[in-house]
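Participant: Please see the structure below; I have some questions.
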Amino acid sequence: MPHPLHTTHERSFDAYRFVYPVLSRRSRGLSVGVNLNPDKVCNFDCIYCQVDRSTQSETEFVEIDALLKELGEMLAVVRSGKIYATEKFCSTPPALRRLNDIAFSGDGEPTTYQNFDAIIEACAGAKRAAGLDDVKMVLITNASMLHRPHVQRGLEILDANQGEIWAKLDAGTEAYYRRIDRTPIPLRQILENITAAARVRPVVIQSLWMRVGGEAPSQEELDAYCDRLNAIVAARGALRLVQIYTVARRPAESCVTPLSDAEVDAISRLVRRRVGVPAEAFYGVIS
Ligand code: SF4
């Protein structure tokens with residue numbers, strides 16, 4: 001799932017179809033994205049999604065061999081530093097000229113990919129083969145499928161390969177969740193999945209808050225959201241970090257606009273105070 005993580009977010013690098021490099025100021029380096037949903041199908045329909053679904057993708061299926069070839073080449077180009085000779089990355093500041101992670105995100109929910117465990121294993125192998133043991137593998141997920149056995153196998157492989165789970169939670173109440181994430185999957189399922197995952201390893205929560213039709217989220221919604229986070233912690237789930245975002249790119253629906261920096265800061269403070277876990281704020285700019 002694409003999230004407002006990256007500031008540069010083109011999905012193509014030359015003719016690549018599954019792998020794309022992005023400069024991430026947040027992770028202070030490059031992230032190599034792996035798109036497991038080239039067909040742009042997602043089991044959520046978030047009102048703030050920035051995947052352009054107005055055009056059909058030419059690539060419908062993941063082609064594992066092609067994906068691994070692209071990944072191997074991309075890791076080599078980044079490791080050699082040749083990527084900084086390209087037009088797109090030549091202005092990368094020296095401090096950011098490092099590979100931080102391989103991120104499974106893309107144009108839909110990565111865990112809906114049926115061979116999720118196999119592709120995670122293969123990508124971990126490519127990372128090992130490139131000698132990149134200090135490079136993380138980040139799964140950016142809406143958490144809807146984490147209970148599936150093959151996804152759990154994939155998570156175990158991530159755990160053994162510097163993996164991190166960044167799970168989305170955009171609401172505190174079922175009604176707001178349905179309004180924002182627009183999916184028939186109940187919020188209860190998402191919360192159970194995040195809790196179960198967080199009991200095995202610390203999880204990062206990503207929450208995007210916004211104005212909808214000019215209205216910011218109510219205090220009741222934000223309090224309910226903190227209650228949900230507290231319930232995860234009370235069930236012995238470990239939350240490494242809560243990332244509070246607002247809209248940073250043009251979203252699917254024009255009624256969606258960013259919160260102010262002060263509003264994002266206030267939600268981060270609320271999380272720190274009410275849940276007692278680290279929270280970081282990321283501000284919005286729509287170009
Ligand atoms: S989970 Fe939401 S933001 Fe992510 S790809 Fe699906 S619809 Fe878009």
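Following the order of the structure tokens, first chain is A, next is B, and so on, with residues numbered from 1 inside each chain and ligands from 1 in the order they appear.
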For Ala122 (chain A), list every protein, DNA or RNA residue within 9 Å, evaluated using only C-alpha atoms, and leave out those in the same chain fewer than 4 positions away; present the list as an NGL selection string.

Facilitator: :A and (64 or 68 or 117-118 or 126-127)

Participant: Would you mind exporting N, CA and C atoms of the selected residues as a PDB file, in the first residue's frame?

Facilitator:
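Listing of part-v3.pdb after writing:
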ATOM      1  N   ILE A  64       7.572 -13.241 -11.268  1.00  0.00           N
ATOM      2  CA  ILE A  64       8.603 -13.364 -10.231  1.00  0.00           C
ATOM      3  C   ILE A  64      10.014 -13.235 -10.802  1.00  0.00           C
ATOM      4  N   LEU A  68      12.624 -10.325  -9.738  1.00  0.00           N
ATOM      5  CA  LEU A  68      13.910 -10.583  -9.080  1.00  0.00           C
ATOM      6  C   LEU A  68      15.076 -10.047  -9.906  1.00  0.00           C
ATOM      7  N   ASP A 117       4.623 -15.244   0.682  1.00  0.00           N
ATOM      8  CA  ASP A 117       5.759 -15.811   1.417  1.00  0.00           C
ATOM      9  C   ASP A 117       6.924 -16.140   0.487  1.00  0.00           C
ATOM     10  N   ALA A 118       6.593 -16.674  -0.693  1.00  0.00           N
ATOM     11  CA  ALA A 118       7.657 -17.046  -1.637  1.00  0.00           C
ATOM     12  C   ALA A 118       8.407 -15.808  -2.134  1.00  0.00           C
ATOM     13  N   ALA A 126      17.869 -12.242  -2.347  1.00  0.00           N
ATOM     14  CA  ALA A 126      18.570 -11.255  -3.192  1.00  0.00           C
ATOM     15  C   ALA A 126      19.332 -10.256  -2.328  1.00  0.00           C
ATOM     16  N   LYS A 127      18.731  -9.881  -1.207  1.00  0.00           N
ATOM     17  CA  LYS A 127      19.388  -8.940  -0.289  1.00  0.00           C
ATOM     18  C   LYS A 127      20.643  -9.570   0.315  1.00  0.00           C
TER      19      LYS A 127
END

Participant: How would you write, as a count of residues only, the set of residues in region 199-259 of chain A that DSSP gives as strand (DSSP E)?

Facilitator: 17

Participant: For ligand 1, return the neighbouring residues as a ChimeraX atom specification (distance at most 6 Å; only C-alpha atoms and all ligand atoms).

Facilitator: /A:1-2,42,44-46,49,107-109,142

Participant: Hey, which of A:Val233, A:Val19, A:Ala76, A:Ile267 ends up closest to Arg199 (chain A)? Count only C-alpha atoms.

Facilitator: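 Ranking A:Val233, A:Val19, A:Ala76, A:Ile267 by distance to Arg199 (chain A), first place goes to A:Val233.
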
Participant: Got a sec: who's within 12 Å of Pro186 (chain A), counting only C-alpha atoms, leaving out chain neighbours fewer than 6 positions off, as a list in words?

Facilitator: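 Listed by chain and then number, they are Asn43, Phe44, Ala143, Ser144, Met145, Ala171, Thr173, Glu174, Ala175, Tyr176, Tyr177, Arg178, Glu192 and Asn193 of chain A.
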
Participant: What's around Thr59 (chain A) at 8 Å? Count only C-alpha atoms, leave out sequence neighbours fewer than 4 positions away in its own chain, and write the answer as a count of residues only.

Facilitator: 3

Participant: Select, from A:Val275, A:Ile119, A:Ala216, A:Ala95, the residue with the minimum atom-to-atom distance to Leu239 (chain A), counting only C-alpha atoms.

Facilitator: A:Val275

Participant: May I have all residues of region 128-226 of chain A that DSSP, computed from the backbone, assigns to alpha helix (DSSP H), given as a PyMOL selection string?

Facilitator: chain A and resi 128-129+149-159+174-181+187-200+219-226
